[in-house]
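Printed here is my_file-v2.tsv (TSV, C-alpha atoms and all ligand atoms):
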chain	number	residue	atom	x	y	z
A	7	MET	CA	19.11	-17.37	30.53
A	8	ALA	CA	18.50	-13.64	30.26
A	9	ALA	CA	15.34	-13.74	32.31
A	10	SER	CA	16.25	-11.51	35.22
A	11	GLY	CA	13.54	-9.08	36.17
A	12	ARG	CA	11.17	-10.46	33.59
A	13	ASP	CA	8.43	-12.99	33.86
A	14	VAL	CA	9.62	-15.13	30.97
A	15	ASP	CA	7.40	-17.89	29.70
A	16	LEU	CA	9.74	-20.68	28.62
A	17	ALA	CA	7.17	-22.20	26.30
A	18	LYS	CA	6.22	-18.99	24.50
A	19	TRP	CA	8.52	-18.38	21.59
A	20	ALA	CA	8.86	-15.72	18.93
A	21	VAL	CA	11.15	-15.97	15.92
A	22	LEU	CA	12.49	-12.70	14.53
A	23	LEU	CA	14.28	-12.83	11.21
A	24	ASP	CA	16.26	-10.35	9.23
A	25	PHE	CA	15.08	-10.28	5.61
A	26	ASP	CA	17.96	-9.57	3.22
A	27	GLY	CA	20.39	-12.49	3.11
A	28	THR	CA	18.50	-14.33	5.88
A	29	VAL	CA	14.97	-14.94	4.62
A	30	THR	CA	16.40	-14.53	1.13
A	31	GLU	CA	19.50	-16.27	-0.19
A	32	ARG	CA	21.14	-13.03	-1.27
A	33	ASP	CA	20.73	-9.48	-0.02
A	34	VAL	CA	17.96	-8.08	-2.24
A	35	GLY	CA	18.83	-4.45	-1.46
A	36	GLU	CA	22.40	-5.11	-2.60
A	37	MET	CA	21.17	-6.90	-5.73
A	38	LEU	CA	19.11	-3.83	-6.63
A	39	LEU	CA	21.99	-1.48	-5.85
A	40	ASP	CA	24.46	-3.54	-7.91
A	41	THR	CA	22.06	-3.45	-10.85
A	42	PHE	CA	20.46	0.00	-10.69
A	43	ALA	CA	22.56	2.32	-8.51
A	44	ALA	CA	23.96	5.48	-10.02
A	45	GLY	CA	27.62	5.65	-8.99
A	46	ASP	CA	29.60	3.63	-6.48
A	47	TRP	CA	27.15	2.78	-3.70
A	48	ARG	CA	29.75	0.67	-1.88
A	49	LYS	CA	31.91	3.69	-1.06
A	50	PHE	CA	29.78	4.36	2.05
A	51	VAL	CA	30.65	1.04	3.72
A	52	PRO	CA	34.24	1.97	4.71
A	53	MET	CA	32.86	5.26	6.09
A	54	ARG	CA	30.44	3.30	8.28
A	55	LYS	CA	33.14	0.88	9.38
A	56	ALA	CA	35.41	3.81	10.29
A	57	GLY	CA	32.62	5.36	12.34
A	58	ILE	CA	32.43	8.44	10.12
A	59	ILE	CA	28.75	7.82	9.38
A	60	SER	CA	26.18	5.78	11.31
A	61	GLY	CA	24.64	2.56	10.04
A	62	ARG	CA	21.43	4.43	9.51
A	63	GLU	CA	23.11	7.13	7.45
A	64	CYS	CA	25.01	4.52	5.46
A	65	LEU	CA	21.80	2.76	4.45
A	66	GLU	CA	20.14	6.07	3.60
A	67	ARG	CA	23.03	7.14	1.38
A	68	GLU	CA	23.21	3.74	-0.33
A	69	PHE	CA	19.50	3.54	-1.10
A	70	ALA	CA	19.52	7.16	-2.31
A	71	CYS	CA	21.61	5.82	-5.23
A	72	LEU	CA	18.58	3.90	-6.51
A	73	PRO	CA	16.35	5.44	-9.18
A	74	ALA	CA	12.71	6.14	-8.31
A	75	ARG	CA	11.46	3.40	-10.62
A	76	LYS	CA	9.54	1.25	-8.19
A	77	GLU	CA	7.86	-1.10	-10.68
A	78	GLU	CA	11.14	-1.84	-12.45
A	79	LEU	CA	12.97	-2.46	-9.16
A	80	LEU	CA	10.21	-4.75	-7.94
A	81	ALA	CA	10.10	-6.68	-11.22
A	82	TYR	CA	13.85	-7.27	-10.97
A	83	ALA	CA	13.55	-8.42	-7.36
A	84	THR	CA	10.74	-10.89	-8.04
A	85	THR	CA	12.62	-12.31	-11.03
A	86	HIS	CA	16.03	-12.68	-9.33
A	87	ALA	CA	15.59	-13.02	-5.57
A	88	ARG	CA	15.37	-16.50	-4.04
A	89	LEU	CA	13.73	-17.56	-0.80
A	90	ARG	CA	16.14	-19.42	1.51
A	91	PRO	CA	15.34	-23.15	1.52
A	92	GLY	CA	13.50	-24.16	4.68
A	93	LEU	CA	11.79	-20.84	5.31
A	94	GLN	CA	8.44	-22.22	4.19
A	95	THR	CA	8.90	-25.19	6.54
A	96	LEU	CA	9.77	-22.84	9.40
A	97	ALA	CA	6.68	-20.72	8.67
A	98	ASP	CA	4.49	-23.85	8.68
A	99	PHE	CA	6.10	-25.07	11.92
A	100	CYS	CA	5.55	-21.72	13.64
A	101	GLU	CA	1.94	-21.53	12.48
A	102	LYS	CA	1.22	-25.06	13.71
A	103	ARG	CA	2.87	-24.45	17.10
A	104	GLY	CA	1.43	-20.97	17.63
A	105	ILE	CA	4.89	-19.40	17.49
A	106	LEU	CA	5.13	-15.80	16.41
A	107	LEU	CA	7.26	-15.47	13.27
A	108	GLU	CA	8.10	-11.96	12.21
A	109	ILE	CA	10.53	-10.21	9.91
A	110	VAL	CA	12.47	-7.19	11.14
A	111	SER	CA	14.32	-5.51	8.32
A	112	CYS	CA	16.40	-2.47	7.53
A	113	GLY	CA	15.66	-3.08	3.86
A	114	LEU	CA	12.84	-1.42	1.97
A	115	ASP	CA	9.13	-2.07	2.42
A	116	PHE	CA	8.10	-2.35	-1.25
A	117	TYR	CA	10.30	-5.30	-2.17
A	118	ILE	CA	9.72	-7.13	1.12
A	119	GLU	CA	5.95	-6.90	0.72
A	120	GLY	CA	6.18	-7.72	-3.00
A	121	LEU	CA	8.45	-10.74	-2.52
A	122	LEU	CA	6.52	-12.21	0.42
A	123	ASN	CA	3.32	-11.99	-1.62
A	124	HIS	CA	5.13	-13.48	-4.62
A	125	TRP	CA	6.23	-16.45	-2.48
A	126	GLY	CA	2.80	-16.98	-0.91
A	127	LEU	CA	4.04	-15.68	2.47
A	128	GLY	CA	2.04	-12.47	2.52
A	129	ARG	CA	0.54	-13.49	5.85
A	130	LEU	CA	3.87	-12.99	7.67
A	131	ARG	CA	4.24	-9.91	9.82
A	132	TRP	CA	7.09	-7.62	8.93
A	133	THR	CA	8.50	-4.20	9.68
A	134	ALA	CA	11.04	-2.39	7.53
A	135	ALA	CA	12.19	1.00	6.38
A	136	LYS	CA	9.84	2.88	4.11
A	137	ALA	CA	10.87	3.73	0.56
A	138	ASN	CA	9.46	7.07	-0.52
A	139	PHE	CA	9.58	7.69	-4.25
A	140	VAL	CA	9.54	11.44	-4.65
A	141	ASN	CA	10.82	13.79	-7.37
A	142	GLY	CA	12.82	11.08	-9.10
A	143	HIS	CA	14.59	10.02	-5.92
A	144	LEU	CA	14.28	7.25	-3.42
A	145	ALA	CA	14.30	8.54	0.13
A	146	MET	CA	14.06	6.38	3.21
A	147	GLY	CA	11.44	6.96	5.83
A	148	TYR	CA	10.63	5.12	9.02
A	149	ALA	CA	7.43	4.05	10.59
A	150	GLU	CA	6.51	5.84	13.76
A	151	GLY	CA	7.57	3.75	16.66
A	152	HIS	CA	9.69	3.15	19.62
A	153	ARG	CA	13.42	3.34	19.02
A	154	ILE	CA	16.06	2.28	21.50
A	155	CYS	CA	19.25	2.51	19.44
A	156	GLU	CA	20.60	4.27	16.39
A	157	THR	CA	22.66	1.46	14.92
A	158	ALA	CA	20.33	0.94	11.99
A	159	GLY	CA	17.61	2.66	10.03
A	160	HIS	CA	14.85	0.62	11.51
A	161	CYS	CA	15.28	-0.28	15.19
A	162	LYS	CA	15.22	-4.07	15.37
A	163	CYS	CA	16.07	-4.00	19.07
A	164	ALA	CA	12.86	-2.18	19.94
A	165	ARG	CA	10.72	-5.04	18.64
A	166	LEU	CA	12.91	-7.68	20.26
A	167	GLU	CA	12.79	-5.92	23.64
A	168	GLN	CA	9.03	-5.46	23.36
A	169	LEU	CA	8.56	-9.20	22.86
A	170	LYS	CA	10.92	-10.00	25.75
A	171	ASP	CA	8.93	-7.64	27.97
A	172	ARG	CA	5.78	-9.53	27.00
A	173	GLY	CA	7.38	-12.75	28.22
A	174	TYR	CA	8.52	-14.29	24.95
A	175	MET	CA	11.62	-16.35	24.45
A	176	VAL	CA	13.07	-14.83	21.28
A	177	ALA	CA	14.98	-16.65	18.56
A	178	TYR	CA	16.75	-14.23	16.25
A	179	GLY	CA	18.28	-14.89	12.86
A	180	GLY	CA	20.43	-12.49	10.88
A	181	ASP	CA	23.48	-12.01	8.71
A	182	GLY	CA	24.59	-8.39	8.70
A	183	PHE	CA	25.73	-5.33	10.63
A	184	THR	CA	22.18	-4.28	11.51
A	185	ASP	CA	21.80	-7.61	13.37
A	186	ILE	CA	24.81	-7.12	15.63
A	187	CYS	CA	22.97	-4.88	18.11
A	188	PRO	CA	19.88	-7.12	18.61
A	189	ALA	CA	21.85	-10.41	18.50
A	190	PRO	CA	23.06	-10.57	22.15
A	191	LYS	CA	19.54	-9.75	23.38
A	192	ALA	CA	18.10	-12.95	21.85
A	193	ASP	CA	17.60	-16.25	23.72
A	194	LEU	CA	18.61	-18.23	20.65
A	195	LEU	CA	20.75	-16.81	17.88
A	196	MET	CA	21.10	-17.98	14.32
A	197	ALA	CA	23.90	-16.27	12.47
A	198	ARG	CA	25.28	-16.18	8.98
A	199	GLY	CA	27.70	-13.93	7.11
A	200	ALA	CA	29.02	-10.82	8.85
A	201	LEU	CA	26.96	-11.54	11.98
A	202	LYS	CA	28.51	-15.00	12.22
A	203	GLU	CA	32.00	-13.49	11.93
A	204	HIS	CA	31.11	-10.99	14.65
A	205	CYS	CA	29.85	-13.78	16.93
A	206	GLU	CA	33.02	-15.81	16.41
A	207	ALA	CA	35.25	-12.81	17.08
A	208	ASN	CA	33.34	-12.02	20.29
A	209	ALA	CA	32.86	-15.56	21.60
A	210	MET	CA	29.06	-15.32	21.32
A	211	SER	CA	27.17	-18.59	21.05
A	212	PHE	CA	25.02	-19.08	17.99
A	213	ILE	CA	23.67	-21.72	15.68
A	214	SER	CA	25.50	-21.81	12.41
A	215	CYS	CA	23.24	-23.10	9.68
A	216	ASP	CA	22.18	-22.29	6.19
A	217	ASP	CA	18.65	-23.52	6.50
A	218	PHE	CA	16.07	-23.29	9.24
A	219	GLY	CA	15.88	-26.92	10.34
A	220	GLU	CA	18.31	-26.33	13.21
A	221	ILE	CA	16.29	-23.46	14.64
A	222	ILE	CA	13.15	-25.64	14.59
A	223	ARG	CA	14.95	-28.41	16.51
A	224	HIS	CA	16.27	-25.94	19.10
A	225	ILE	CA	12.86	-24.39	19.72
A	226	GLU	CA	11.25	-27.83	20.01
A	227	ARG	CA	13.87	-28.83	22.56
A	228	GLY	CA	13.32	-25.54	24.42
A	229	ILE	CA	9.56	-26.08	24.55
A	230	ALA	CA	10.00	-29.71	25.62
A	231	ALA	CA	12.46	-28.71	28.35
A	232	ALA	CA	10.05	-26.04	29.64
A	233	GLY	CA	7.32	-28.68	29.75
A	234	ALA	CA	9.59	-31.07	31.64
A	235	LEU	CA	10.20	-28.37	34.27
A	236	GLY	CA	6.55	-28.76	35.18
A	237	SER	CA	6.02	-25.01	35.18
A	238	ASP	CA	2.68	-23.60	34.13
A	239	ALA	CA	4.43	-22.11	31.16
A	240	ARG	CA	2.18	-23.98	28.77
A	241	HIS	CA	-0.94	-22.02	29.62
A	242	THR	CA	-0.60	-19.33	26.99
B	1	MG	MG	20.63	-9.17	6.17
B	2	ZN	ZN	19.92	-1.91	18.75
Could the structure of this file be written out as structure tokens, please?
Ligand SMILES: [Mg+2]
Ligand SMILES: [Zn+2]
Amino acid sequence: MAASGRDVDLAKWAVLLDFDGTVTERDVGEMLLDTFAAGDWRKFVPMRKAGIISGRECLEREFACLPARKEELLAYATTHARLRPGLQTLADFCEKRGILLEIVSCGLDFYIEGLLNHWGLGRLRWTAAKANFVNGHLAMGYAEGHRICETAGHCKCARLEQLKDRGYMVAYGGDGFTDICPAPKADLLMARGALKEHCEANAMSFISCDDFGEIIRHIERGIAAAGALGSDARHT
């Protein structure tokens, strides 16, 4: 376990989830781009894969293809996006067990906030990139905060590391290129899509599942095992 140098509490868990394509069934940012983007927004992906532009720059260029019509974009998202089955159960489980559940996203704040409220999950903590609607354009901004890598617009690793430093065991779930950097830092990894392919290609262990039942069972086993160790890990 990656506990060296840290006072890790084996019974204290946090679950960090990517939003697009993880909390949601499909990538909401991509759905909006496919529907509203001016021009070919996918042309930036090969440039990112070739290392010509960074992940952060790729996302910025893609989202700059969206029109500055926030209400229309949000209405489309709430009509078409679907919550992944089991997320509500996971949220209930975490609440009941005092487990921190938080979304770390490189998507845009307005649709994440709007969709979570729409699904009755407005109480969940989340961080994401900021969509600024100015002069007819959508420009990405970022919340002030600690950044430890430049792989994505919003640094997911910074939050993961912060929780590890505070003694949490961190379960991380994701599906895309912005999840590749934080993935190996997690104690338990749930992967789908491009992240799953990356894990398989690099012999990284992960849970492969399309709902959240498996992650609940793993955390319960982890908590039970910590209890069986007889440590005082439960006093938090
Ligand atoms: Mg994703
Ligand atoms: Zn990183």
Practice problem: Considering all atoms listed in the file, state which residue in the set A:Tyr117, A:Asp98, A:Lys162, A:Glu206 is at the smallest distance from A:Ala192. | Solution: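 Ranked by minimum distance to A:Ala192, first place goes to A:Lys162.
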Quiz item: Which residue, A:Ile109, A:Lys191, A:Ala87, A:Arg227, has the smallest gap to A:Asp171 when you use only C-alpha atoms?
Solution: A:Lys191
Quiz item: For ligand ZN 2 (chain B), which residue out of A:Gly113, A:Gly57, A:Gly182, A:Pro190 is the nearest one, using all atoms listed in the file?
Solution: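 That would be A:Pro190, the residue with the smallest distance to ligand ZN 2 (chain B).
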Quiz prompt | Distance filter 8 Å around ligand MG 1 (chain B), atoms: all atoms listed in the file, out as a list in words | solution =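 Using all atoms listed in the file, everything at most 8 Å from ligand MG 1 (chain B) comes to Asp24, Phe25, Asp26, Gly27, Thr28, Asp33, Ser111, Gly180, Asp181, Gly182, Phe183, Thr184 and Asp185 of chain A.
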Keeping only C-alpha atoms, write those residues as a short mmCIF file (atom, residue, chain, number, x, y, z; two decimals), keeping the file's coordinate frame.
data_model
loop_
_atom_site.label_atom_id
_atom_site.label_comp_id
_atom_site.auth_asym_id
_atom_site.auth_seq_id
_atom_site.Cartn_x
_atom_site.Cartn_y
_atom_site.Cartn_z
CA ASP A 24 16.26 -10.35 9.23
CA PHE A 25 15.08 -10.28 5.61
CA ASP A 26 17.96 -9.57 3.22
CA GLY A 27 20.39 -12.49 3.11
CA THR A 28 18.50 -14.33 5.88
CA ASP A 33 20.73 -9.48 -0.02
CA SER A 111 14.32 -5.51 8.32
CA GLY A 180 20.43 -12.49 10.88
CA ASP A 181 23.48 -12.01 8.71
CA GLY A 182 24.59 -8.39 8.70
CA PHE A 183 25.73 -5.33 10.63
CA THR A 184 22.18 -4.28 11.51
CA ASP A 185 21.80 -7.61 13.37
#
Practice problem: Quick one: pull the distance between atom CA of A:Ala17 and atom CA of A:Leu166, Å, one decimal. | Solution: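 So the answer is 16.7 Å.
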Self-check item: 6 Å shell around ligand ZN 2 (chain B) using only C-alpha atoms and all ligand atoms, listed as number ranges by chain
Solution: A: 155, 157, 163, 187-188
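If you measure from each of A:Met175, A:Ala200, A:Leu72, A:Ala207 to A:Ile229 using only C-alpha atoms, the closest one turns out to be A:Met175.
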Quiz item: Smallest atom-to-atom distance to A:Asp40: which of A:Leu79, A:Ile59, A:Val110, A:Cys64, using only C-alpha atoms?
Solution: A:Leu79
Quiz prompt | Coordinates-based distance that separates atom CA of A:Lys55 from atom CA of A:Leu80 (Å, one decimal) | solution =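 Atom-to-atom, atom CA of A:Leu80 and atom CA of A:Lys55 are spaced 29.3 Å apart.
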Exercise. Identify, on the basis of only C-alpha atoms, every residue whose closest approach to A:Lys76 does not exceed 12 Å; exclude the query and any residue fewer than 6 positions from it along the same chain; express the result as a list in words.
Key: Leu38, Phe42, Tyr82, Ala83, Leu114, Asp115, Phe116, Tyr117, Gly120, Ala137, Asn138, Phe139, Val140, Gly142, His143 and Leu144 of chain A
